[in-house]
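This is my_file-v4.pdb. It holds PDB, C-alpha atoms.
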ATOM      1  CA  MET A   1      87.812 -18.860  92.148
ATOM      2  CA  ASN A   2      89.263 -22.333  91.626
ATOM      3  CA  ASP A   3      90.704 -23.801  94.795
ATOM      4  CA  CYS A   4      93.541 -26.220  94.100
ATOM      5  CA  CYS A   5      94.780 -27.310  97.457
ATOM      6  CA  ALA A   6      95.582 -26.207 100.955
ATOM      7  CA  SER A   7      98.330 -27.320 103.305
ATOM      8  CA  SER A   8      99.099 -31.022 103.326
ATOM      9  CA  PRO A   9      99.713 -33.360 106.246
ATOM     10  CA  ALA A  10     103.197 -34.328 107.293
ATOM     11  CA  PRO A  11     104.611 -37.019 104.976
ATOM     12  CA  ASP A  12     104.160 -40.623 106.039
ATOM     13  CA  LYS A  13     107.372 -42.216 104.874
ATOM     14  CA  ALA A  14     105.858 -45.706 105.220
ATOM     15  CA  THR A  15     103.858 -45.125 102.054
ATOM     16  CA  VAL A  16     106.996 -44.566  99.978
ATOM     17  CA  SER A  17     108.751 -47.321  98.065
ATOM     18  CA  THR A  18     112.243 -46.914  96.629
ATOM     19  CA  ASP A  19     112.428 -50.253  94.832
ATOM     20  CA  ALA A  20     115.349 -50.292  92.386
ATOM     21  CA  THR A  21     116.145 -46.716  93.529
ATOM     22  CA  LEU A  22     113.034 -45.355  91.778
ATOM     23  CA  PRO A  23     110.603 -43.673  94.207
ATOM     24  CA  SER A  24     106.987 -44.763  94.052
ATOM     25  CA  TYR A  25     103.903 -44.209  96.181
ATOM     26  CA  ILE A  26     101.320 -46.788  97.165
ATOM     27  CA  MET A  27      97.861 -45.849  95.887
ATOM     28  CA  ARG A  28      95.999 -49.086  96.541
ATOM     29  CA  PRO A  29      97.085 -52.718  96.996
ATOM     30  CA  GLY A  30      99.294 -53.703  94.077
ATOM     31  CA  VAL A  31      99.160 -50.249  92.470
ATOM     32  CA  THR A  32     101.842 -47.590  92.796
ATOM     33  CA  PHE A  33     102.426 -44.135  91.351
ATOM     34  CA  PRO A  34     104.123 -43.713  88.951
ATOM     35  CA  ASP A  35     104.086 -46.912  86.884
ATOM     36  CA  TRP A  36     107.805 -47.266  86.292
ATOM     37  CA  SER A  37     107.246 -50.460  84.271
ATOM     38  CA  VAL A  38     106.265 -48.414  81.199
ATOM     39  CA  VAL A  39     109.272 -46.078  81.386
ATOM     40  CA  THR A  40     112.092 -46.885  78.956
ATOM     41  CA  SER A  41     113.360 -43.391  78.106
ATOM     42  CA  PRO A  42     116.147 -42.008  80.327
ATOM     43  CA  THR A  43     114.731 -38.516  79.806
ATOM     44  CA  VAL A  44     111.288 -39.556  81.015
ATOM     45  CA  ARG A  45     112.851 -41.367  83.961
ATOM     46  CA  ASP A  46     114.779 -38.243  84.940
ATOM     47  CA  ALA A  47     111.726 -35.999  84.523
ATOM     48  CA  LEU A  48     109.492 -38.247  86.626
ATOM     49  CA  GLN A  49     112.142 -38.645  89.310
ATOM     50  CA  THR A  50     112.361 -34.861  89.541
ATOM     51  CA  MET A  51     108.585 -34.599  89.843
ATOM     52  CA  VAL A  52     108.050 -37.524  92.218
ATOM     53  CA  SER A  53     110.899 -36.532  94.507
ATOM     54  CA  SER A  54     109.374 -33.124  95.206
ATOM     55  CA  GLY A  55     107.800 -32.536  98.593
ATOM     56  CA  HIS A  56     104.499 -31.664  96.920
ATOM     57  CA  VAL A  57     104.123 -35.079  95.295
ATOM     58  CA  LEU A  58     105.209 -36.893  98.440
ATOM     59  CA  GLU A  59     102.528 -35.087 100.429
ATOM     60  CA  ARG A  60      99.940 -35.845  97.736
ATOM     61  CA  TRP A  61     100.093 -39.579  98.476
ATOM     62  CA  SER A  62     101.199 -39.747 102.101
ATOM     63  CA  GLY A  63      98.388 -41.150 104.221
ATOM     64  CA  TYR A  64      96.160 -41.572 101.159
ATOM     65  CA  GLU A  65      93.245 -43.677 102.387
ATOM     66  CA  ALA A  66      90.699 -45.972 100.767
ATOM     67  CA  ALA A  67      87.730 -43.628 101.237
ATOM     68  CA  ALA A  68      89.411 -40.783  99.367
ATOM     69  CA  ASP A  69      90.562 -43.194  96.659
ATOM     70  CA  ARG A  70      87.006 -44.510  96.294
ATOM     71  CA  VAL A  71      85.728 -41.002  95.585
ATOM     72  CA  ARG A  72      88.602 -40.181  93.226
ATOM     73  CA  VAL A  73      88.048 -43.362  91.215
ATOM     74  CA  ALA A  74      84.324 -42.628  90.929
ATOM     75  CA  LEU A  75      85.096 -39.047  89.910
ATOM     76  CA  LEU A  76      87.451 -40.087  87.110
ATOM     77  CA  GLN A  77      85.065 -42.773  85.859
ATOM     78  CA  LEU A  78      82.194 -40.298  85.735
ATOM     79  CA  TYR A  79      84.328 -37.731  83.939
ATOM     80  CA  VAL A  80      84.943 -40.288  81.191
ATOM     81  CA  GLU A  81      81.317 -41.425  81.011
ATOM     82  CA  LEU A  82      79.770 -37.946  81.097
ATOM     83  CA  GLY A  83      82.439 -35.969  79.275
ATOM     84  CA  GLN A  84      82.448 -33.424  82.090
ATOM     85  CA  ALA A  85      82.644 -33.121  85.846
ATOM     86  CA  PRO A  86      79.773 -34.759  87.749
ATOM     87  CA  THR A  87      77.685 -32.999  90.353
ATOM     88  CA  THR A  88      78.280 -33.967  93.955
ATOM     89  CA  ASP A  89      75.021 -35.918  94.215
ATOM     90  CA  VAL A  90      75.860 -38.004  91.145
ATOM     91  CA  LEU A  91      79.358 -38.607  92.489
ATOM     92  CA  ALA A  92      77.974 -39.698  95.855
ATOM     93  CA  GLN A  93      75.615 -42.147  94.176
ATOM     94  CA  ARG A  94      78.435 -43.691  92.124
ATOM     95  CA  ALA A  95      80.713 -43.951  95.145
ATOM     96  CA  GLY A  96      77.937 -45.492  97.240
ATOM     97  CA  LEU A  97      78.202 -42.759  99.851
ATOM     98  CA  SER A  98      76.013 -39.944 101.122
ATOM     99  CA  GLU A  99      76.594 -36.397  99.888
ATOM    100  CA  GLU A 100      77.475 -35.482 103.467
ATOM    101  CA  SER A 101      80.248 -38.078 103.391
ATOM    102  CA  VAL A 102      81.494 -37.130  99.936
ATOM    103  CA  ARG A 103      81.932 -33.412 100.539
ATOM    104  CA  PRO A 104      84.769 -33.685 103.091
ATOM    105  CA  LEU A 105      86.424 -36.360 100.947
ATOM    106  CA  LEU A 106      86.345 -33.993  97.974
ATOM    107  CA  LYS A 107      87.990 -31.368 100.141
ATOM    108  CA  GLU A 108      90.595 -33.962 101.086
ATOM    109  CA  LEU A 109      91.267 -34.626  97.395
ATOM    110  CA  ARG A 110      91.524 -30.894  96.797
ATOM    111  CA  ARG A 111      93.990 -30.561  99.673
ATOM    112  CA  ARG A 112      96.091 -33.302  98.106
ATOM    113  CA  ASP A 113      95.903 -31.570  94.704
ATOM    114  CA  LEU A 114      94.013 -34.499  93.174
ATOM    115  CA  ALA A 115      90.822 -32.536  92.485
ATOM    116  CA  ILE A 116      90.015 -28.900  91.743
ATOM    117  CA  LEU A 117      86.989 -27.224  93.325
ATOM    118  CA  ASP A 118      85.271 -23.887  92.838
ATOM    119  CA  GLY A 119      83.425 -23.615  96.125
ATOM    120  CA  ASP A 120      81.483 -26.872  96.236
ATOM    121  CA  THR A 121      81.566 -27.334  92.447
ATOM    122  CA  ILE A 122      83.975 -29.837  90.904
ATOM    123  CA  THR A 123      85.997 -28.167  88.159
ATOM    124  CA  GLY A 124      88.792 -30.667  87.630
ATOM    125  CA  ALA A 125      90.373 -33.995  88.518
ATOM    126  CA  TYR A 126      93.729 -34.741  86.903
ATOM    127  CA  PRO A 127      93.970 -35.389  83.980
ATOM    128  CA  PHE A 128      90.621 -33.638  83.294
ATOM    129  CA  THR A 129      89.470 -30.056  83.721
ATOM    130  CA  GLU A 130      86.465 -27.873  82.974
ATOM    131  CA  ARG A 131      88.812 -25.054  81.954
ATOM    132  CA  ASP A 132      89.619 -24.558  78.272
ATOM    133  CA  THR A 133      93.335 -25.334  78.236
ATOM    134  CA  GLY A 134      93.512 -25.936  74.496
ATOM    135  CA  HIS A 135      94.192 -29.668  74.998
ATOM    136  CA  ARG A 136      91.222 -31.812  73.958
ATOM    137  CA  VAL A 137      90.865 -35.579  74.138
ATOM    138  CA  THR A 138      88.209 -37.477  72.201
ATOM    139  CA  LEU A 139      87.153 -40.987  73.185
ATOM    140  CA  ASP A 140      83.848 -42.783  72.762
ATOM    141  CA  ALA A 141      82.530 -39.806  70.754
ATOM    142  CA  ARG A 142      82.974 -37.521  73.765
ATOM    143  CA  THR A 143      85.518 -34.721  73.953
ATOM    144  CA  LEU A 144      87.063 -33.823  77.285
ATOM    145  CA  LYS A 145      89.450 -31.043  78.243
ATOM    146  CA  ALA A 146      92.825 -32.124  79.635
ATOM    147  CA  MET A 147      94.967 -30.203  82.107
ATOM    148  CA  CYS A 148      98.050 -30.264  79.864
ATOM    149  CA  ALA A 149      99.740 -32.027  76.950
ATOM    150  CA  VAL A 150     101.083 -34.965  78.947
ATOM    151  CA  ASP A 151      97.793 -35.349  80.847
ATOM    152  CA  ALA A 152      95.973 -35.565  77.511
ATOM    153  CA  LEU A 153      98.224 -38.379  76.306
ATOM    154  CA  GLY A 154      97.789 -40.280  79.586
ATOM    155  CA  VAL A 155      94.018 -40.586  79.203
ATOM    156  CA  GLY A 156      94.221 -43.509  76.759
ATOM    157  CA  ASP A 157      96.112 -45.986  78.912
ATOM    158  CA  MET A 158      94.253 -44.807  82.023
ATOM    159  CA  THR A 159      90.913 -45.701  80.430
ATOM    160  CA  GLY A 160      92.134 -48.627  78.352
ATOM    161  CA  ARG A 161      91.072 -47.275  74.973
ATOM    162  CA  ASP A 162      92.373 -45.330  72.012
ATOM    163  CA  ILE A 163      92.088 -41.562  71.935
ATOM    164  CA  ALA A 164      92.490 -38.596  69.619
ATOM    165  CA  VAL A 165      94.288 -35.556  71.033
ATOM    166  CA  GLU A 166      93.912 -32.110  69.495
ATOM    167  CA  SER A 167      96.028 -29.173  70.608
ATOM    168  CA  ARG A 168      98.162 -26.378  69.162
ATOM    169  CA  CYS A 169     101.799 -25.372  69.055
ATOM    170  CA  ARG A 170     102.375 -23.165  72.091
ATOM    171  CA  HIS A 171     104.563 -20.839  70.011
ATOM    172  CA  CYS A 172     102.755 -20.386  66.682
ATOM    173  CA  GLY A 173      99.323 -21.969  67.057
ATOM    174  CA  THR A 174      99.777 -24.664  64.418
ATOM    175  CA  PRO A 175      97.338 -27.543  65.076
ATOM    176  CA  VAL A 176      98.895 -30.625  66.666
ATOM    177  CA  LYS A 177      96.922 -33.856  66.311
ATOM    178  CA  ILE A 178      97.809 -37.214  67.807
ATOM    179  CA  THR A 179      96.019 -40.553  67.787
ATOM    180  CA  THR A 180      96.840 -43.738  69.675
ATOM    181  CA  GLN A 181      96.522 -47.472  69.197
ATOM    182  CA  ASP A 182      96.772 -50.583  71.404
ATOM    183  CA  ARG A 183      94.250 -49.082  73.844
ATOM    184  CA  GLY A 184      96.205 -45.907  74.380
ATOM    185  CA  ARG A 185      99.558 -47.569  74.893
ATOM    186  CA  ALA A 186     101.169 -46.706  71.540
ATOM    187  CA  LEU A 187     101.061 -43.916  68.996
ATOM    188  CA  ALA A 188      99.168 -44.314  65.742
ATOM    189  CA  ASP A 189      99.689 -40.933  64.087
ATOM    190  CA  ILE A 190     101.326 -37.566  64.837
ATOM    191  CA  ALA A 191     100.708 -34.412  62.820
ATOM    192  CA  PRO A 192     102.932 -32.644  62.167
ATOM    193  CA  ASP A 193     105.497 -35.414  62.460
ATOM    194  CA  THR A 194     108.022 -32.865  63.763
ATOM    195  CA  ALA A 195     105.918 -32.184  66.871
ATOM    196  CA  VAL A 196     107.533 -32.361  70.319
ATOM    197  CA  ALA A 197     106.428 -31.659  73.881
ATOM    198  CA  TRP A 198     107.672 -29.703  76.869
ATOM    199  CA  LEU A 199     107.111 -31.194  80.337
ATOM    200  CA  SER A 200     107.396 -28.617  83.098
ATOM    201  CA  VAL A 201     108.427 -29.939  86.507
ATOM    202  CA  ARG A 202     108.112 -26.744  88.527
ATOM    203  CA  TYR A 203     105.344 -26.714  91.142
ATOM    204  CA  GLU A 204     104.196 -23.402  92.561
ATOM    205  CA  ASP A 205     101.817 -22.880  95.483
ATOM    206  CA  GLY A 206     101.376 -26.645  95.789
ATOM    207  CA  CYS A 207      99.070 -26.801  92.772
ATOM    208  CA  ALA A 208      99.982 -28.459  89.473
ATOM    209  CA  ALA A 209      96.933 -27.081  87.626
ATOM    210  CA  SER A 210      98.051 -23.483  88.098
ATOM    211  CA  SER A 211     101.790 -24.065  87.744
ATOM    212  CA  LEU A 212     103.445 -26.859  85.793
ATOM    213  CA  CYS A 213     100.273 -27.735  83.847
ATOM    214  CA  THR A 214     100.137 -24.233  82.394
ATOM    215  CA  ALA A 215     103.557 -24.718  80.793
ATOM    216  CA  THR A 216     103.399 -28.387  79.737
ATOM    217  CA  SER A 217     102.584 -28.069  76.054
ATOM    218  CA  PHE A 218     102.982 -29.296  72.500
ATOM    219  CA  PHE A 219     105.139 -27.585  69.881
ATOM    220  CA  CYS A 220     105.140 -28.109  66.119
ATOM    221  CA  SER A 221     108.940 -28.357  66.012
ATOM    222  CA  ASP A 222     112.078 -28.150  68.083
ATOM    223  CA  ASP A 223     112.743 -24.708  66.637
ATOM    224  CA  HIS A 224     109.459 -23.388  67.990
ATOM    225  CA  LEU A 225     110.048 -25.011  71.359
ATOM    226  CA  ALA A 226     113.449 -23.294  71.461
ATOM    227  CA  ALA A 227     111.915 -19.950  70.506
ATOM    228  CA  TRP A 228     109.273 -20.262  73.229
ATOM    229  CA  ARG A 229     111.839 -21.281  75.845
ATOM    230  CA  HIS A 230     114.034 -18.320  74.919
ATOM    231  CA  ALA A 231     111.190 -15.995  75.955
ATOM    232  CA  GLN A 232     110.601 -17.743  79.305
ATOM    233  CA  PRO A 233     112.212 -16.949  82.674
ATOM    234  CA  ALA A 234     115.394 -18.912  83.250
ATOM    235  CA  ASP A 235     113.875 -20.768  86.216
ATOM    236  CA  LYS A 236     111.082 -22.350  84.157
ATOM    237  CA  THR A 237     112.560 -25.825  84.475
ATOM    238  CA  GLY A 238     111.388 -28.787  82.439
ATOM    239  CA  TYR A 239     112.231 -31.453  79.875
ATOM    240  CA  ARG A 240     111.978 -31.604  76.104
ATOM    241  CA  LEU A 241     110.208 -34.820  75.101
ATOM    242  CA  THR A 242     109.456 -36.518  71.831
ATOM    243  CA  ILE A 243     105.765 -37.340  71.454
ATOM    244  CA  GLU A 244     106.632 -40.979  72.147
ATOM    245  CA  GLU A 245     108.295 -39.901  75.388
ATOM    246  CA  ALA A 246     105.349 -37.654  76.276
ATOM    247  CA  LEU A 247     103.013 -40.632  75.855
ATOM    248  CA  GLU A 248     105.316 -42.712  78.045
ATOM    249  CA  ALA A 249     105.241 -40.039  80.754
ATOM    250  CA  GLY A 250     101.466 -39.773  80.528
ATOM    251  CA  ARG A 251     101.075 -43.518  80.867
ATOM    252  CA  ALA A 252     103.395 -43.702  83.859
ATOM    253  CA  ILE A 253     101.556 -40.892  85.637
ATOM    254  CA  PHE A 254      97.933 -41.791  84.872
ATOM    255  CA  ALA A 255      97.674 -45.529  84.218
ATOM    256  CA  PRO A 256      97.718 -46.195  87.996
ATOM    257  CA  SER A 257      94.719 -43.888  88.537
ATOM    258  CA  LEU A 258      92.142 -46.538  87.600
ATOM    259  CA  ALA A 259      94.290 -49.665  87.697
ATOM    260  CA  GLY A 260      92.809 -52.637  89.526
ATOM    261  CA  VAL A 261      89.331 -51.141  89.965
ATOM    262  CA  GLY A 262      85.925 -51.785  88.380
ATOM    263  CA  ALA A 263      84.994 -51.115  84.786
ATOM    264  CA  ILE A 264      84.038 -47.810  83.235
ATOM    265  CA  ALA A 265      80.591 -48.387  81.752
ATOM    266  CA  GLY A 266      80.687 -50.660  78.715
ATOM    267  CA  HIS A 267      84.426 -51.424  78.789
ATOM    268  CA  ASP A 268      86.870 -53.974  80.116
ATOM    269  CA  ASP A 269      87.916 -53.280  83.675
ATOM    270  CA  ASP A 270      91.383 -52.038  84.507
ATOM    271  CA  GLY A 271      92.237 -55.254  86.233
ATOM    272  CA  THR A 272      92.140 -56.875  82.784
ATOM    273  CA  LYS A 273      94.176 -54.016  81.383
ATOM    274  CA  THR A 274      96.738 -54.383  84.141
ATOM    275  CA  ARG A 275      97.014 -58.150  83.569
ATOM    276  CA  ASP A 276      97.388 -57.575  79.825
ATOM    277  CA  ARG A 277     100.237 -55.169  80.514
ATOM    278  CA  ALA A 278     101.963 -57.651  82.800
ATOM    279  CA  GLU A 279     101.563 -60.493  80.300
ATOM    280  CA  SER A 280     102.944 -58.373  77.459
ATOM    281  CA  GLY A 281     105.957 -57.372  79.537
ATOM    282  CA  ASN A 282     105.189 -53.659  79.210
TER     283      ASN A 282
END
Encoded form using structure tokens:
Amino acid sequence: MNDCCASSPAPDKATVSTDATLPSYIMRPGVTFPDWSVVTSPTVRDALQTMVSSGHVLERWSGYEAAADRVRVALLQLYVELGQAPTTDVLAQRAGLSEESVRPLLKELRRRDLAILDGDTITGAYPFTERDTGHRVTLDARTLKAMCAVDALGVGDMTGRDIAVESRCRHCGTPVKITTQDRGRALADIAPDTAVAWLSVRYEDGCAASSLCTATSFFCSDDHLAAWRHAQPADKTGYRLTIEEALEAGRAIFAPSLAGVGAIAGHDDDGTKTRDRAESGN
């Protein structure tokens, strides 16, 4: 059975920044979560503030240390390079650590809800999963499964390349296809052009993969989003987003994941990507 996370340590308020009233969490020097610089939509701002202000997200980053970050970065890079979760020995080799050292760090990432484990087997690391969620992301001729609709859209800017997302309307099953440009930072095409997204912000049991990710989806139209919402419990809170807004949310959430670290094999490093973003004013 997939094991999302266990209890988290008491929040360390020193890791929290409230610059310009927007809460953010220090991931590594010069990199914070979320990346508020890409957020222009008031709806996205409100949705992310709701998510980031929750106790679950605060605990995710409080006391987050370099060793755990080193393993998470290696895990995400390998996911992109392999198209699937790496084995623990391959992860240890990439991180430059022993398997004995990596195993407790993986459990730490699981406890923080940054990785999903099935026993000792890696089955997910946001935005990626081994589970068939119906959200698929193609880049570099490899197709990966994403945790949810917004996670799928965040993969492009996180990796610094363009992607193709394939999913379906949650209500009727109509295919939804989206491609990006400008290395994942802008939309190239949306089909159907009436498509929208729903971003759930309700955490349950301290695990996004089994709660809000299961509801964050694409819809072929506002009418079908409304029909789906009508059938949901009243406490299923969330935000209706345009696809542009969903991309913005995905960028804000996932661009920091690999920002300022070494290159994924064969591509510009994220330090370059981060500098490009700063120079463009985005």
Would you kindly identify which residues have an atom no farther than 7 Å from (105.3, -27.3, 78.3), using only C-alpha atoms and the file's own coordinates, and write them out as a VMD selection string? chain A and resid 197 to 200 215 to 218
Counting all atoms listed in the file, the option among A:Arg202, A:Lys145, A:Arg112, A:His135 closest to Lys177 (chain A): A:His135
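Atom pair CA of Leu48 (chain A) / CA of Cys169 (chain A) has a distance of 23.1 Å (rounded to one decimal).
Between CA of Gly83 (chain A) and CA of Gly119 (chain A) lies a distance of 20.9 Å.
Separating CA of Pro23 (chain A) from CA of Ala149 (chain A) is a distance of 23.5 Å.
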With the file shown as input, list the residues that the PyMOL selection byres ((chain A and resi 168) around 8) selects, as a PyMOL selection string. chain A and resi 134-135+166-167+169-170+172-176+218-220
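Evaluated against this file, the PyMOL selection byres ((chain A and resi 89) around 12) yields Val71, Ala74, Leu75, Leu78, Ala85, Pro86, Thr87, Thr88, Val90, Leu91, Ala92, Gln93, Arg94, Ala95, Gly96, Leu97, Ser98, Glu99, Glu100, Ser101, Val102, Arg103, Asp120, Thr121 and Ile122 of chain A.
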Tell me which protein, DNA and RNA residues are within 9 Å of Arg136 (chain A), counting all atoms listed in the file, leaving out same-chain ones fewer than 3 positions away, and put them as a list in words. Asp132, Thr133, Thr143, Leu144, Lys145, Ala146, Ala152, Ala164, Val165, Glu166 and Ser167 of chain A
Nearest to Gln49 (chain A), chosen from A:Leu109, A:Ala231, A:Cys207, A:Ala249, with all atoms listed in the file counted in the distances: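 Ranked by minimum distance to Gln49 (chain A), first place goes to A:Ala249.
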For each of A:Ala67, A:Leu187, A:Ala209, A:Leu82, take the minimum atom-to-atom distance to Leu106 (chain A), counting all atoms listed in the file, then give the residue where this is smallest.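 The shortest atom-to-atom distance to Leu106 (chain A) comes from A:Ala67.
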Taking the file above as input, evaluate the PyMOL selection byres ((chain A and resi 183) around 10) and report the hits as JSON, numbers by chain. {"A": [156, 157, 158, 159, 160, 161, 162, 163, 180, 181, 182, 184, 185, 186, 187, 273]}
Could you write out that same residue set with C-alpha atoms as a short mmCIF file (atom, residue, chain, number, x, y, z; two decimals), keeping the file's coordinate frame?
data_model
loop_
_atom_site.label_atom_id
_atom_site.label_comp_id
_atom_site.auth_asym_id
_atom_site.auth_seq_id
_atom_site.Cartn_x
_atom_site.Cartn_y
_atom_site.Cartn_z
CA GLY A 156 94.22 -43.51 76.76
CA ASP A 157 96.11 -45.99 78.91
CA MET A 158 94.25 -44.81 82.02
CA THR A 159 90.91 -45.70 80.43
CA GLY A 160 92.13 -48.63 78.35
CA ARG A 161 91.07 -47.28 74.97
CA ASP A 162 92.37 -45.33 72.01
CA ILE A 163 92.09 -41.56 71.94
CA THR A 180 96.84 -43.74 69.68
CA GLN A 181 96.52 -47.47 69.20
CA ASP A 182 96.77 -50.58 71.40
CA GLY A 184 96.20 -45.91 74.38
CA ARG A 185 99.56 -47.57 74.89
CA ALA A 186 101.17 -46.71 71.54
CA LEU A 187 101.06 -43.92 69.00
CA LYS A 273 94.18 -54.02 81.38
#
Need the axis-aligned box for region 62-74 of chain A with 6 Å each side, so what are the centre and edges in Å to one decimal, as JSON?
{"center_x": 92.8, "center_y": -42.9, "center_z": 97.6, "size_x": 28.9, "size_y": 18.2, "size_z": 25.3}
Using all atoms listed in the file, which of the listed residues (A:Leu258, A:Leu139, A:Leu212, A:Val201) sits closest to Ala47 (chain A)? A:Val201
Considering all atoms listed in the file, state which residue in the set A:Glu59, A:Glu244, A:Asp118, A:Asp35 is at the smallest distance from Ala188 (chain A).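 Using all atoms listed in the file, Ala188 (chain A) sits closest to A:Glu244.
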Using the structure block above, produce a file of region 250-264 of chain A that contains C-alpha atoms, as a compact mmCIF listing (two decimals), in the first residue's frame.
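This is the output file part.txt:
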# COMPACT_ATOMS: atom_id res chain seq x y z
CA GLY A 250 1.91 24.78 -11.87
CA ARG A 251 4.88 27.02 -12.54
CA ALA A 252 4.65 28.70 -9.15
CA ILE A 253 4.47 25.35 -7.35
CA PHE A 254 7.07 23.35 -9.28
CA ALA A 255 9.60 25.73 -10.84
CA PRO A 256 11.40 26.02 -7.46
CA SER A 257 11.85 22.23 -7.26
CA LEU A 258 14.95 22.19 -9.47
CA ALA A 259 15.83 25.88 -9.50
CA GLY A 260 19.48 26.72 -8.91
CA VAL A 261 20.76 23.13 -9.12
CA GLY A 262 22.75 21.15 -11.70
CA ALA A 263 21.56 20.20 -15.15
CA ILE A 264 19.30 17.33 -16.10
